[in-house]
file data35.cif (mmCIF, C-alpha atoms)
data_protein
loop_
_atom_site.group_PDB
_atom_site.id
_atom_site.type_symbol
_atom_site.label_atom_id
_atom_site.label_comp_id
_atom_site.auth_asym_id
_atom_site.auth_seq_id
_atom_site.Cartn_x
_atom_site.Cartn_y
_atom_site.Cartn_z
ATOM 1 C CA MET A 1 67.378 -37.997 52.262
ATOM 2 C CA PRO A 2 68.529 -34.775 50.502
ATOM 3 C CA LEU A 3 65.633 -32.787 51.995
ATOM 4 C CA LEU A 4 65.322 -32.416 55.746
ATOM 5 C CA GLU A 5 61.723 -31.454 56.482
ATOM 6 C CA GLN A 6 61.794 -31.565 60.262
ATOM 7 C CA SER A 7 63.124 -28.765 62.461
ATOM 8 C CA ASP A 8 63.067 -28.292 66.206
ATOM 9 C CA TYR A 9 63.676 -24.534 65.988
ATOM 10 C CA ARG A 10 61.172 -22.448 67.952
ATOM 11 C CA PRO A 11 61.438 -18.642 68.136
ATOM 12 C CA PRO A 12 60.322 -16.625 71.157
ATOM 13 C CA PHE A 13 56.718 -15.451 70.867
ATOM 14 C CA TRP A 14 57.939 -11.845 70.791
ATOM 15 C CA LEU A 15 59.891 -12.440 67.570
ATOM 16 C CA PRO A 16 56.899 -13.219 65.365
ATOM 17 C CA ASP A 17 58.308 -12.998 61.831
ATOM 18 C CA GLY A 18 61.398 -13.199 59.676
ATOM 19 C CA HIS A 19 62.237 -9.512 60.000
ATOM 20 C CA ALA A 20 62.151 -9.568 63.795
ATOM 21 C CA GLN A 21 64.062 -12.858 63.899
ATOM 22 C CA SER A 22 66.771 -11.351 61.666
ATOM 23 C CA ILE A 23 67.077 -7.908 63.207
ATOM 24 C CA PHE A 24 66.921 -8.636 66.935
ATOM 25 C CA PRO A 25 70.024 -10.866 67.248
ATOM 26 C CA ALA A 26 71.970 -8.694 64.796
ATOM 27 C CA LEU A 27 71.375 -5.557 66.877
ATOM 28 C CA PHE A 28 70.926 -6.713 70.437
ATOM 29 C CA ARG A 29 72.697 -10.029 70.961
ATOM 30 C CA LYS A 30 76.027 -9.586 72.727
ATOM 31 C CA VAL A 31 78.622 -12.353 72.668
ATOM 32 C CA THR A 32 81.417 -11.903 75.177
ATOM 33 C CA GLY A 33 84.600 -13.749 76.033
ATOM 34 C CA VAL A 34 85.919 -14.337 72.523
ATOM 35 C CA VAL A 35 89.497 -13.086 72.136
ATOM 36 C CA TYR A 36 91.130 -13.758 68.784
ATOM 37 C CA GLU A 37 94.735 -14.149 67.800
ATOM 38 C CA ARG A 38 95.088 -12.289 64.513
ATOM 39 C CA GLU A 39 97.357 -13.420 61.715
ATOM 40 C CA ARG A 40 97.894 -11.431 58.536
ATOM 41 C CA ILE A 41 98.839 -13.382 55.437
ATOM 42 C CA SER A 42 99.998 -12.007 52.090
ATOM 43 C CA THR A 43 98.068 -13.091 49.024
ATOM 44 C CA PRO A 44 99.694 -14.063 45.723
ATOM 45 C CA ASP A 45 98.552 -10.765 44.161
ATOM 46 C CA ASP A 46 100.347 -8.678 46.820
ATOM 47 C CA ASP A 47 97.313 -7.966 48.971
ATOM 48 C CA PHE A 48 96.551 -9.297 52.447
ATOM 49 C CA LEU A 49 93.948 -11.224 54.423
ATOM 50 C CA ASP A 50 93.426 -10.964 58.172
ATOM 51 C CA LEU A 51 92.688 -14.272 59.883
ATOM 52 C CA ASP A 52 91.302 -14.480 63.412
ATOM 53 C CA TRP A 53 92.146 -17.689 65.228
ATOM 54 C CA ARG A 54 90.715 -19.013 68.480
ATOM 55 C CA MET A 55 91.563 -22.339 70.050
ATOM 56 C CA ASN A 56 89.090 -24.373 72.095
ATOM 57 C CA THR A 57 88.972 -24.073 75.840
ATOM 58 C CA ASP A 58 89.762 -27.707 76.680
ATOM 59 C CA LEU A 59 93.463 -27.403 77.380
ATOM 60 C CA SER A 60 93.736 -30.988 78.601
ATOM 61 C CA LYS A 61 93.668 -32.299 75.040
ATOM 62 C CA SER A 62 96.994 -32.817 73.339
ATOM 63 C CA GLY A 63 97.738 -32.409 69.673
ATOM 64 C CA LEU A 64 95.719 -30.531 67.058
ATOM 65 C CA ARG A 65 91.977 -30.430 67.427
ATOM 66 C CA PRO A 66 89.515 -30.341 64.526
ATOM 67 C CA LEU A 67 89.381 -26.944 62.819
ATOM 68 C CA VAL A 68 86.305 -25.054 61.623
ATOM 69 C CA ILE A 69 86.868 -22.276 59.055
ATOM 70 C CA LEU A 70 84.087 -19.670 59.131
ATOM 71 C CA SER A 71 83.164 -17.291 56.279
ATOM 72 C CA HIS A 72 81.013 -14.272 57.167
ATOM 73 C CA GLY A 73 78.298 -12.497 55.197
ATOM 74 C CA LEU A 74 78.034 -9.280 53.183
ATOM 75 C CA GLU A 75 79.777 -6.438 55.033
ATOM 76 C CA GLY A 76 80.271 -8.672 58.058
ATOM 77 C CA ASN A 77 83.533 -9.705 59.690
ATOM 78 C CA SER A 78 84.938 -11.980 62.367
ATOM 79 C CA SER A 79 83.204 -9.859 65.026
ATOM 80 C CA SER A 80 79.691 -10.312 63.655
ATOM 81 C CA GLN A 81 77.527 -11.771 66.401
ATOM 82 C CA TYR A 82 76.699 -14.921 64.398
ATOM 83 C CA ILE A 83 80.433 -15.574 63.934
ATOM 84 C CA LEU A 84 81.361 -14.826 67.560
ATOM 85 C CA GLY A 85 78.553 -17.007 68.878
ATOM 86 C CA MET A 86 79.501 -19.937 66.666
ATOM 87 C CA VAL A 87 83.190 -19.574 67.549
ATOM 88 C CA LYS A 88 82.434 -19.508 71.264
ATOM 89 C CA HIS A 89 80.148 -22.550 71.122
ATOM 90 C CA LEU A 90 82.510 -24.631 68.996
ATOM 91 C CA ASN A 91 85.563 -23.698 71.082
ATOM 92 C CA ALA A 92 83.752 -24.831 74.223
ATOM 93 C CA HIS A 93 83.204 -28.250 72.648
ATOM 94 C CA GLY A 94 86.701 -29.041 71.444
ATOM 95 C CA TYR A 95 87.040 -27.295 68.072
ATOM 96 C CA ASP A 96 89.636 -24.793 66.977
ATOM 97 C CA THR A 97 88.234 -21.999 64.831
ATOM 98 C CA LEU A 98 89.487 -19.710 62.110
ATOM 99 C CA ALA A 99 87.217 -16.763 61.292
ATOM 100 C CA TRP A 100 88.721 -15.050 58.283
ATOM 101 C CA ASN A 101 87.903 -11.537 57.144
ATOM 102 C CA PHE A 102 87.238 -10.861 53.485
ATOM 103 C CA ARG A 103 89.333 -8.186 51.806
ATOM 104 C CA SER A 104 88.315 -4.747 53.178
ATOM 105 C CA CYS A 105 86.366 -6.244 56.107
ATOM 106 C CA SER A 106 88.997 -6.547 58.851
ATOM 107 C CA GLY A 107 89.097 -2.882 59.846
ATOM 108 C CA GLU A 108 91.774 -1.870 57.351
ATOM 109 C CA MET A 109 91.148 -1.278 53.659
ATOM 110 C CA ASN A 110 92.913 -3.738 51.393
ATOM 111 C CA ARG A 111 95.541 -2.519 48.953
ATOM 112 C CA LEU A 112 94.111 -3.444 45.558
ATOM 113 C CA PRO A 113 91.137 -2.079 43.599
ATOM 114 C CA ARG A 114 89.365 -5.439 44.022
ATOM 115 C CA PHE A 115 87.891 -6.354 47.355
ATOM 116 C CA TYR A 116 85.544 -9.344 47.817
ATOM 117 C CA HIS A 117 82.451 -10.799 46.215
ATOM 118 C CA SER A 118 80.049 -13.740 46.422
ATOM 119 C CA GLY A 119 82.217 -16.033 44.320
ATOM 120 C CA ALA A 120 85.800 -15.049 45.194
ATOM 121 C CA THR A 121 86.816 -18.609 45.937
ATOM 122 C CA ASP A 122 90.493 -17.936 45.264
ATOM 123 C CA ASP A 123 90.746 -16.268 48.668
ATOM 124 C CA LEU A 124 88.879 -19.060 50.458
ATOM 125 C CA ASP A 125 91.137 -21.637 48.839
ATOM 126 C CA PHE A 126 94.202 -19.657 49.905
ATOM 127 C CA VAL A 127 92.922 -19.585 53.507
ATOM 128 C CA VAL A 128 92.198 -23.332 53.489
ATOM 129 C CA LYS A 129 95.650 -24.134 52.119
ATOM 130 C CA HIS A 130 97.238 -21.885 54.730
ATOM 131 C CA ALA A 131 95.323 -23.640 57.516
ATOM 132 C CA LEU A 132 96.470 -27.013 56.247
ATOM 133 C CA THR A 133 100.100 -25.910 56.593
ATOM 134 C CA LYS A 134 99.448 -25.798 60.356
ATOM 135 C CA GLY A 135 99.060 -29.573 60.334
ATOM 136 C CA TYR A 136 95.294 -29.919 60.695
ATOM 137 C CA LYS A 137 93.968 -33.287 59.582
ATOM 138 C CA GLU A 138 90.257 -32.642 60.139
ATOM 139 C CA VAL A 139 88.806 -29.413 58.727
ATOM 140 C CA TYR A 140 85.198 -28.239 58.403
ATOM 141 C CA LEU A 141 83.839 -25.286 56.427
ATOM 142 C CA MET A 142 81.019 -23.051 57.610
ATOM 143 C CA GLY A 143 79.491 -20.060 55.843
ATOM 144 C CA PHE A 144 76.788 -17.492 56.455
ATOM 145 C CA SER A 145 74.790 -15.680 53.767
ATOM 146 C CA LEU A 146 77.334 -14.455 51.160
ATOM 147 C CA GLY A 147 79.943 -16.613 52.908
ATOM 148 C CA GLY A 148 77.622 -19.578 52.475
ATOM 149 C CA ASN A 149 77.337 -18.965 48.738
ATOM 150 C CA LEU A 150 81.117 -18.663 48.578
ATOM 151 C CA THR A 151 81.556 -21.942 50.457
ATOM 152 C CA LEU A 152 79.145 -23.895 48.252
ATOM 153 C CA LYS A 153 80.645 -22.540 45.036
ATOM 154 C CA TYR A 154 84.123 -23.390 46.303
ATOM 155 C CA LEU A 155 83.205 -26.989 47.104
ATOM 156 C CA GLY A 156 81.500 -27.356 43.737
ATOM 157 C CA GLU A 157 84.599 -26.115 41.990
ATOM 158 C CA LEU A 158 86.777 -28.562 43.913
ATOM 159 C CA ALA A 159 84.348 -31.417 43.224
ATOM 160 C CA GLU A 160 86.249 -34.731 43.379
ATOM 161 C CA ASN A 161 89.494 -32.863 44.033
ATOM 162 C CA ALA A 162 88.556 -31.627 47.507
ATOM 163 C CA TYR A 163 91.426 -31.859 49.964
ATOM 164 C CA PRO A 164 91.187 -35.062 52.034
ATOM 165 C CA GLU A 165 91.347 -33.022 55.256
ATOM 166 C CA LEU A 166 88.010 -31.368 54.380
ATOM 167 C CA ARG A 167 85.302 -33.445 56.029
ATOM 168 C CA LYS A 168 81.981 -31.551 55.971
ATOM 169 C CA ALA A 169 80.410 -28.190 55.313
ATOM 170 C CA LEU A 170 77.474 -26.346 56.840
ATOM 171 C CA VAL A 171 75.982 -23.103 55.531
ATOM 172 C CA PHE A 172 73.181 -20.844 56.744
ATOM 173 C CA SER A 173 70.891 -18.295 55.074
ATOM 174 C CA VAL A 174 72.413 -18.690 51.616
ATOM 175 C CA PRO A 175 71.357 -16.641 48.553
ATOM 176 C CA LEU A 176 72.009 -19.531 46.184
ATOM 177 C CA HIS A 177 70.586 -17.608 43.223
ATOM 178 C CA LEU A 178 72.180 -14.176 43.317
ATOM 179 C CA SER A 179 70.134 -12.414 40.640
ATOM 180 C CA SER A 180 66.704 -13.173 42.095
ATOM 181 C CA GLY A 181 68.100 -12.581 45.574
ATOM 182 C CA SER A 182 69.238 -9.119 44.520
ATOM 183 C CA THR A 183 65.810 -8.409 43.040
ATOM 184 C CA HIS A 184 64.182 -9.681 46.250
ATOM 185 C CA LEU A 185 66.110 -7.073 48.234
ATOM 186 C CA GLU A 186 64.636 -4.327 46.044
ATOM 187 C CA ARG A 187 61.178 -4.799 47.596
ATOM 188 C CA TRP A 188 60.041 -2.035 49.927
ATOM 189 C CA GLN A 189 59.923 -4.570 52.787
ATOM 190 C CA ALA A 190 63.689 -5.055 52.452
ATOM 191 C CA TRP A 191 64.771 -1.414 52.140
ATOM 192 C CA VAL A 192 66.219 -1.369 55.675
ATOM 193 C CA TYR A 193 68.666 -4.141 54.744
ATOM 194 C CA SER A 194 69.653 -2.932 51.279
ATOM 195 C CA ASP A 195 70.046 0.663 52.497
ATOM 196 C CA ARG A 196 72.387 -0.450 55.283
ATOM 197 C CA PHE A 197 74.496 -2.551 52.916
ATOM 198 C CA ASN A 198 74.639 0.158 50.277
ATOM 199 C CA ARG A 199 75.736 2.850 52.718
ATOM 200 C CA SER A 200 78.608 0.645 53.905
ATOM 201 C CA LEU A 201 79.632 -0.447 50.402
ATOM 202 C CA LYS A 202 79.481 3.082 48.971
ATOM 203 C CA ASN A 203 81.664 4.317 51.799
ATOM 204 C CA LYS A 204 84.245 1.688 50.875
ATOM 205 C CA ILE A 205 84.277 2.890 47.280
ATOM 206 C CA ARG A 206 84.898 6.421 48.505
ATOM 207 C CA GLN A 207 87.783 5.173 50.652
ATOM 208 C CA LYS A 208 89.244 3.225 47.756
ATOM 209 C CA ALA A 209 88.895 6.208 45.414
ATOM 210 C CA ALA A 210 90.838 8.331 47.900
ATOM 211 C CA LEU A 211 93.575 5.683 48.128
ATOM 212 C CA LEU A 212 93.629 4.771 44.427
ATOM 213 C CA PRO A 213 92.297 7.802 42.526
ATOM 214 C CA ASP A 214 93.666 6.634 39.170
ATOM 215 C CA LEU A 215 92.056 3.191 39.469
ATOM 216 C CA ILE A 216 88.691 3.757 41.178
ATOM 217 C CA ASP A 217 85.946 5.849 39.582
ATOM 218 C CA ALA A 218 83.525 6.987 42.273
ATOM 219 C CA SER A 219 81.433 9.116 39.914
ATOM 220 C CA HIS A 220 78.580 6.587 39.889
ATOM 221 C CA ILE A 221 78.137 6.526 43.668
ATOM 222 C CA ASP A 222 75.158 8.881 43.653
ATOM 223 C CA GLN A 223 73.399 6.681 41.092
ATOM 224 C CA VAL A 224 73.510 3.631 43.358
ATOM 225 C CA ARG A 225 70.104 2.953 44.889
ATOM 226 C CA THR A 226 70.033 -0.847 45.115
ATOM 227 C CA ILE A 227 72.411 -3.750 45.602
ATOM 228 C CA ARG A 228 72.068 -4.497 41.896
ATOM 229 C CA ASP A 229 73.124 -0.936 41.099
ATOM 230 C CA PHE A 230 76.223 -1.328 43.241
ATOM 231 C CA ASP A 231 77.049 -4.685 41.669
ATOM 232 C CA ASN A 232 76.515 -3.250 38.189
ATOM 233 C CA TYR A 233 78.746 -0.211 38.655
ATOM 234 C CA TYR A 234 81.352 -1.620 41.046
ATOM 235 C CA THR A 235 81.381 -5.291 42.077
ATOM 236 C CA SER A 236 81.209 -6.554 38.510
ATOM 237 C CA GLN A 237 83.622 -3.989 37.093
ATOM 238 C CA LEU A 238 86.257 -4.411 39.799
ATOM 239 C CA HIS A 239 86.242 -8.186 39.465
ATOM 240 C CA GLY A 240 86.271 -8.696 35.712
ATOM 241 C CA TYR A 241 82.583 -8.970 34.781
ATOM 242 C CA PRO A 242 80.824 -6.707 32.271
ATOM 243 C CA ASP A 243 77.694 -6.202 34.371
ATOM 244 C CA ALA A 244 75.830 -7.362 37.454
ATOM 245 C CA GLU A 245 73.794 -10.058 35.728
ATOM 246 C CA THR A 246 76.899 -11.728 34.287
ATOM 247 C CA TYR A 247 78.511 -11.600 37.721
ATOM 248 C CA TYR A 248 75.409 -13.133 39.319
ATOM 249 C CA GLU A 249 75.165 -15.974 36.838
ATOM 250 C CA ALA A 250 78.866 -16.815 37.107
ATOM 251 C CA ASN A 251 78.873 -16.952 40.895
ATOM 252 C CA SER A 252 75.508 -18.316 42.025
ATOM 253 C CA SER A 253 76.182 -21.434 44.075
ATOM 254 C CA LEU A 254 72.916 -22.938 42.808
ATOM 255 C CA TYR A 255 74.828 -23.970 39.685
ATOM 256 C CA PHE A 256 77.628 -25.669 41.641
ATOM 257 C CA ILE A 257 75.924 -27.738 44.336
ATOM 258 C CA ASP A 258 75.477 -30.802 42.115
ATOM 259 C CA LYS A 259 79.269 -31.070 41.840
ATOM 260 C CA ILE A 260 79.934 -31.127 45.608
ATOM 261 C CA ARG A 261 81.487 -34.376 46.800
ATOM 262 C CA LEU A 262 81.644 -34.056 50.582
ATOM 263 C CA PRO A 263 78.749 -33.961 53.083
ATOM 264 C CA THR A 264 77.181 -30.505 53.008
ATOM 265 C CA ARG A 265 74.078 -29.113 54.691
ATOM 266 C CA ILE A 266 72.240 -25.951 53.634
ATOM 267 C CA VAL A 267 69.945 -24.351 56.234
ATOM 268 C CA ASN A 268 67.629 -21.660 54.823
ATOM 269 C CA ALA A 269 64.690 -20.495 56.914
ATOM 270 C CA GLN A 270 61.485 -20.218 54.900
ATOM 271 C CA ASN A 271 60.791 -16.746 56.299
ATOM 272 C CA ASP A 272 64.247 -15.350 55.510
ATOM 273 C CA PRO A 273 63.594 -11.806 54.247
ATOM 274 C CA PHE A 274 66.753 -11.865 52.109
ATOM 275 C CA LEU A 275 65.998 -14.972 50.068
ATOM 276 C CA SER A 276 63.965 -15.413 46.885
ATOM 277 C CA SER A 277 62.065 -18.596 46.046
ATOM 278 C CA ASP A 278 65.008 -19.723 43.887
ATOM 279 C CA CYS A 279 67.103 -20.009 47.065
ATOM 280 C CA TYR A 280 65.070 -23.072 48.110
ATOM 281 C CA PRO A 281 66.077 -25.528 45.361
ATOM 282 C CA TYR A 282 64.057 -28.543 46.478
ATOM 283 C CA ASP A 283 63.897 -30.231 43.083
ATOM 284 C CA ARG A 284 67.577 -29.649 42.362
ATOM 285 C CA CYS A 285 68.598 -31.087 45.729
ATOM 286 C CA LYS A 286 66.392 -34.199 45.636
ATOM 287 C CA PRO A 287 68.765 -36.371 43.552
ATOM 288 C CA LEU A 288 71.957 -35.156 45.235
ATOM 289 C CA LYS A 289 73.996 -37.580 47.299
ATOM 290 C CA TYR A 290 76.174 -35.156 49.255
ATOM 291 C CA VAL A 291 74.025 -32.044 49.735
ATOM 292 C CA TRP A 292 71.136 -31.808 52.196
ATOM 293 C CA LEU A 293 68.676 -28.908 52.225
ATOM 294 C CA GLN A 294 66.931 -27.998 55.473
ATOM 295 C CA THR A 295 64.297 -25.250 55.431
ATOM 296 C CA PRO A 296 62.854 -24.602 58.897
ATOM 297 C CA PRO A 297 59.633 -22.570 58.712
ATOM 298 C CA GLN A 298 61.131 -19.796 60.849
ATOM 299 C CA GLY A 299 64.524 -18.386 61.744
ATOM 300 C CA GLY A 300 65.006 -15.247 59.680
ATOM 301 C CA HIS A 301 68.359 -14.378 58.113
ATOM 302 C CA CYS A 302 71.345 -15.540 60.184
ATOM 303 C CA GLY A 303 68.938 -15.342 63.108
ATOM 304 C CA PHE A 304 67.688 -18.505 64.848
ATOM 305 C CA TYR A 305 67.383 -16.798 68.235
ATOM 306 C CA GLN A 306 65.418 -19.396 70.127
ATOM 307 C CA ALA A 307 62.786 -19.517 72.835
ATOM 308 C CA GLY A 308 64.435 -19.959 76.212
ATOM 309 C CA TYR A 309 67.668 -18.458 74.879
ATOM 310 C CA LYS A 310 70.582 -19.147 77.215
ATOM 311 C CA GLY A 311 73.443 -17.651 75.245
ATOM 312 C CA VAL A 312 73.415 -20.133 72.350
ATOM 313 C CA LEU A 313 71.461 -19.910 69.091
ATOM 314 C CA TRP A 314 69.606 -22.859 67.606
ATOM 315 C CA SER A 315 71.965 -22.669 64.611
ATOM 316 C CA GLU A 316 74.949 -23.097 66.924
ATOM 317 C CA GLU A 317 73.431 -26.134 68.606
ATOM 318 C CA LEU A 318 72.578 -27.579 65.190
ATOM 319 C CA ALA A 319 76.131 -26.992 63.965
ATOM 320 C CA LEU A 320 77.642 -28.930 66.837
ATOM 321 C CA ARG A 321 75.230 -31.823 66.363
ATOM 322 C CA TYR A 322 75.987 -31.889 62.658
ATOM 323 C CA LEU A 323 79.761 -31.882 63.120
ATOM 324 C CA LEU A 324 79.502 -34.770 65.578
ATOM 325 C CA GLU A 325 77.335 -36.915 63.306
ATOM 326 C CA PRO A 326 79.148 -39.765 61.518
ATOM 327 C CA SER A 327 79.853 -38.881 57.898
#

call {"tool": "encode", "arguments": {"input": "data35.cif", "output": "C-alpha cells"}}
result
Amino acid sequence: MPLLEQSDYRPPFWLPDGHAQSIFPALFRKVTGVVYERERISTPDDDFLDLDWRMNTDLSKSGLRPLVILSHGLEGNSSSQYILGMVKHLNAHGYDTLAWNFRSCSGEMNRLPRFYHSGATDDLDFVVKHALTKGYKEVYLMGFSLGGNLTLKYLGELAENAYPELRKALVFSVPLHLSSGSTHLERWQAWVYSDRFNRSLKNKIRQKAALLPDLIDASHIDQVRTIRDFDNYYTSQLHGYPDAETYYEANSSLYFIDKIRLPTRIVNAQNDPFLSSDCYPYDRCKPLKYVWLQTPPQGGHCGFYQAGYKGVLWSEELALRYLLEPS
C-alpha cells in the first residue's frame, strides 16, 4: 500500500498541538554523548563540505556496518537535536552514520557566493559518492524538512540509475511543494518560524557580502520580510534562477517522487505547522510502487516527542523499524 494510514505516535498531553510538538523538542530536548569525527572534503567547484561521521557502539562487529547518510533542514546542521538523536539511536543499533552539513551550515562560511538550497542535489550526490569510496555496501538516506525535499528530488533524478549500494530512504516533515509551503509560512501563525529563519539567512548574506563584496549585493536585505522574499532576492539569484517561483517549481520534490525506484517512506504529520495541503500528495502517491506516504495525525515539524519519552523520539524508533524491515 502506498498510503500508510495507521500510526502509533502519541504525544504527551502537555504538547497539545503542532506548534507545541514542533517547538518543545527543538528548544528543550538535549541529546548527549554524540561525538563526531569531522572530515572536510573539497567540492569540484573549489568549495568545501564538512562531514560529521560517527560509528556505532557495537565494537564486537567486524567489517563495515550499514551506513545512514542524514541531511538536515533549513538552517540546521549536524548538531540539530533531531540529527543528534537519530545518530545516537542508530549508532546504538549497529549503524554507522554520516551527518553532512550543507554549505555555510558547519560553523564556517563557505567560499563561494552560492550556499545551499532545497534542490542542490549535486552536493548530496558528491557526499554519497564519497561515502561509497569508503567501501560501504549498504547505504540508507534520511532527510528532514528541506533535507527531505533534497533527498526525494535526488532519488527521483537518479531514478533507475540509483547506485546499487543505496537500499532505502526515509524522510520526515517534507515541504514537497515549495511554493505553497513558502506561502503557508507567511501566515501570522507561522511568524515565529519564518522570522527565525530569515534572521539567520539574512545574517549569512551580510557575512557573504563582507567576504565577497564584488559578488554579493546585500542592498535588498531590509526588504526581506518573508521566506519568499529571501528566495526571490537571494536563493534564486545565487543559484541560477530568475525568481523564487521558478526556483520553487524546479526543485519541489513533489514532481520527482514518481521517478523514485528504491523503497522510500515519507512521514508528514497532519498538524505540521510548516506544511501546506499540497505537501500531503495522497492521490499522487496512490499508484506509486516505491514511495509510501505516512501522515500521522500529530507530531508537528521534526517533532514526534512522545508520551513516556525516555530519550528516544517516535521518529527514531520508526526509523530503526523501517531500516530493519525486508525490502

call {"tool": "resolve_selection", "arguments": {"input": "data35.cif", "expression": "the PyMOL selection byres ((chain A and resi 41) around 9)", "output": "list in words"}}
result
Glu39, Arg40, Ser42, Thr43, Asp47, Phe48, Leu49, Asp50, Leu51, Val127 and His130 of chain A

call {"tool": "resolve_selection", "arguments": {"input": "data35.cif", "expression": "the PyMOL selection byres ((chain A and resi 177) around 9)", "output": "list in words"}}
result
Asn149, Val174, Pro175, Leu176, Leu178, Ser179, Ser180, Gly181, Ser182, Tyr248, Glu249, Asn251, Ser252, Ser253, Leu254, Tyr255, Leu275, Ser276, Asp278 and Cys279 of chain A

call {"tool": "residues_around", "arguments": {"input": "data35.cif", "residues": "Phe256 (chain A)", "least_positions_apart": "4", "cutoff": "8 Å", "atoms": "all atoms listed in the file", "output": "list in words"}}
result
Leu152, Lys153, Leu155, Gly156, Glu157, Ser252 and Ile260 of chain A

call {"tool": "closest_residue", "arguments": {"input": "data35.cif", "among": "A:Gln294, A:Ser22, A:Asn56, A:Thr264", "to": "Tyr140 (chain A)", "atoms": "only C-alpha atoms"}}
result
A:Thr264

call {"tool": "residues_around", "arguments": {"input": "data35.cif", "residues": "region 202-218 of chain A", "least_positions_apart": "4", "cutoff": "8 Å", "atoms": "all atoms listed in the file", "output": "list in words"}}
result
Ser104, Met109, Pro113, Asn198 and Phe230 of chain A

call {"tool": "atom_distance", "arguments": {"input": "data35.cif", "atom1": "CA of Phe115 (chain A)", "atom2": "CA of Asp229 (chain A)"}}
result
16.9 Å

call {"tool": "closest_residue", "arguments": {"input": "data35.cif", "among": "A:Ser71, A:Asn110, A:Gln270, A:Gln81", "to": "Phe24 (chain A)", "atoms": "all atoms listed in the file"}}
result
A:Gln81

call {"tool": "atom_distance", "arguments": {"input": "data35.cif", "atom1": "CA of Leu74 (chain A)", "atom2": "CA of Phe144 (chain A)"}}
result
8.9 Å

call {"tool": "closest_atom_pairs", "arguments": {"input": "data35.cif", "of": "region 108-192 of chain A", "to": "region 297-304 of chain A", "cutoff": "12 Å", "atoms": "only C-alpha atoms", "output": "CSV"}}
result
residue,atom,partner,partner_atom,distance
A:Gly143,CA,A:Cys302,CA,10.3
A:Phe144,CA,A:Cys302,CA,6.9
A:Ser145,CA,A:Cys302,CA,7.3
A:Leu146,CA,A:Cys302,CA,10.9
A:Gly147,CA,A:Cys302,CA,11.3
A:Gly148,CA,A:Cys302,CA,10.7
A:Val171,CA,A:Cys302,CA,10.0
A:Phe172,CA,A:Cys302,CA,6.6
A:Ser173,CA,A:His301,CA,5.6
A:Val174,CA,A:His301,CA,8.8
A:Pro175,CA,A:His301,CA,10.3
A:Ala190,CA,A:His301,CA,11.9

call {"tool": "resolve_selection", "arguments": {"input": "data35.cif", "expression": "the PyMOL selection byres ((chain A and resi 305) around 10)", "output": "PDB file with C-alpha atoms, keeping the file's coordinate frame"}}
result
ATOM      1  CA  TYR A   9      63.676 -24.534  65.988  1.00  0.00           C
ATOM      2  CA  ARG A  10      61.172 -22.448  67.952  1.00  0.00           C
ATOM      3  CA  PRO A  11      61.438 -18.642  68.136  1.00  0.00           C
ATOM      4  CA  PRO A  12      60.322 -16.625  71.157  1.00  0.00           C
ATOM      5  CA  LEU A  15      59.891 -12.440  67.570  1.00  0.00           C
ATOM      6  CA  ALA A  20      62.151  -9.568  63.795  1.00  0.00           C
ATOM      7  CA  GLN A  21      64.062 -12.858  63.899  1.00  0.00           C
ATOM      8  CA  SER A  22      66.771 -11.351  61.666  1.00  0.00           C
ATOM      9  CA  PHE A  24      66.921  -8.636  66.935  1.00  0.00           C
ATOM     10  CA  PRO A  25      70.024 -10.866  67.248  1.00  0.00           C
ATOM     11  CA  ALA A  26      71.970  -8.694  64.796  1.00  0.00           C
ATOM     12  CA  ARG A  29      72.697 -10.029  70.961  1.00  0.00           C
ATOM     13  CA  GLY A 299      64.524 -18.386  61.744  1.00  0.00           C
ATOM     14  CA  GLY A 300      65.006 -15.247  59.680  1.00  0.00           C
ATOM     15  CA  CYS A 302      71.345 -15.540  60.184  1.00  0.00           C
ATOM     16  CA  GLY A 303      68.938 -15.342  63.108  1.00  0.00           C
ATOM     17  CA  PHE A 304      67.688 -18.505  64.848  1.00  0.00           C
ATOM     18  CA  GLN A 306      65.418 -19.396  70.127  1.00  0.00           C
ATOM     19  CA  ALA A 307      62.786 -19.517  72.835  1.00  0.00           C
ATOM     20  CA  GLY A 308      64.435 -19.959  76.212  1.00  0.00           C
ATOM     21  CA  TYR A 309      67.668 -18.458  74.879  1.00  0.00           C
ATOM     22  CA  LYS A 310      70.582 -19.147  77.215  1.00  0.00           C
ATOM     23  CA  GLY A 311      73.443 -17.651  75.245  1.00  0.00           C
ATOM     24  CA  VAL A 312      73.415 -20.133  72.350  1.00  0.00           C
ATOM     25  CA  LEU A 313      71.461 -19.910  69.091  1.00  0.00           C
ATOM     26  CA  TRP A 314      69.606 -22.859  67.606  1.00  0.00           C
ATOM     27  CA  SER A 315      71.965 -22.669  64.611  1.00  0.00           C
ATOM     28  CA  GLU A 316      74.949 -23.097  66.924  1.00  0.00           C
TER      29      GLU A 316
END

call {"tool": "closest_residue", "arguments": {"input": "data35.cif", "among": "A:Thr151, A:Arg228, A:Tyr163, A:Val267", "to": "Asp195 (chain A)", "atoms": "all atoms listed in the file"}}
result
A:Arg228

call {"tool": "residues_around", "arguments": {"input": "data35.cif", "residues": "region 105-108 of chain A", "least_positions_apart": "6", "cutoff": "8 Å", "atoms": "all atoms listed in the file", "output": "MDAnalysis selection string"}}
result
chainID A and resid 50 75:78

call {"tool": "closest_residue", "arguments": {"input": "data35.cif", "among": "A:Leu98, A:Leu318, A:Leu150, A:Leu84", "to": "Ser118 (chain A)", "atoms": "all atoms listed in the file"}}
result
A:Leu150

call {"tool": "closest_residue", "arguments": {"input": "data35.cif", "among": "A:Glu37, A:Asp222, A:Asp96, A:Asp272", "to": "His184 (chain A)", "atoms": "all atoms listed in the file"}}
result
A:Asp272

call {"tool": "atom_distance", "arguments": {"input": "data35.cif", "atom1": "CA of Ala250 (chain A)", "atom2": "CA of Ser236 (chain A)"}}
result
10.6 Å

call {"tool": "closest_residue", "arguments": {"input": "data35.cif", "among": "A:Leu124, A:Leu67, A:Leu185, A:Leu112", "to": "Lys137 (chain A)", "atoms": "all atoms listed in the file"}}
result
A:Leu67
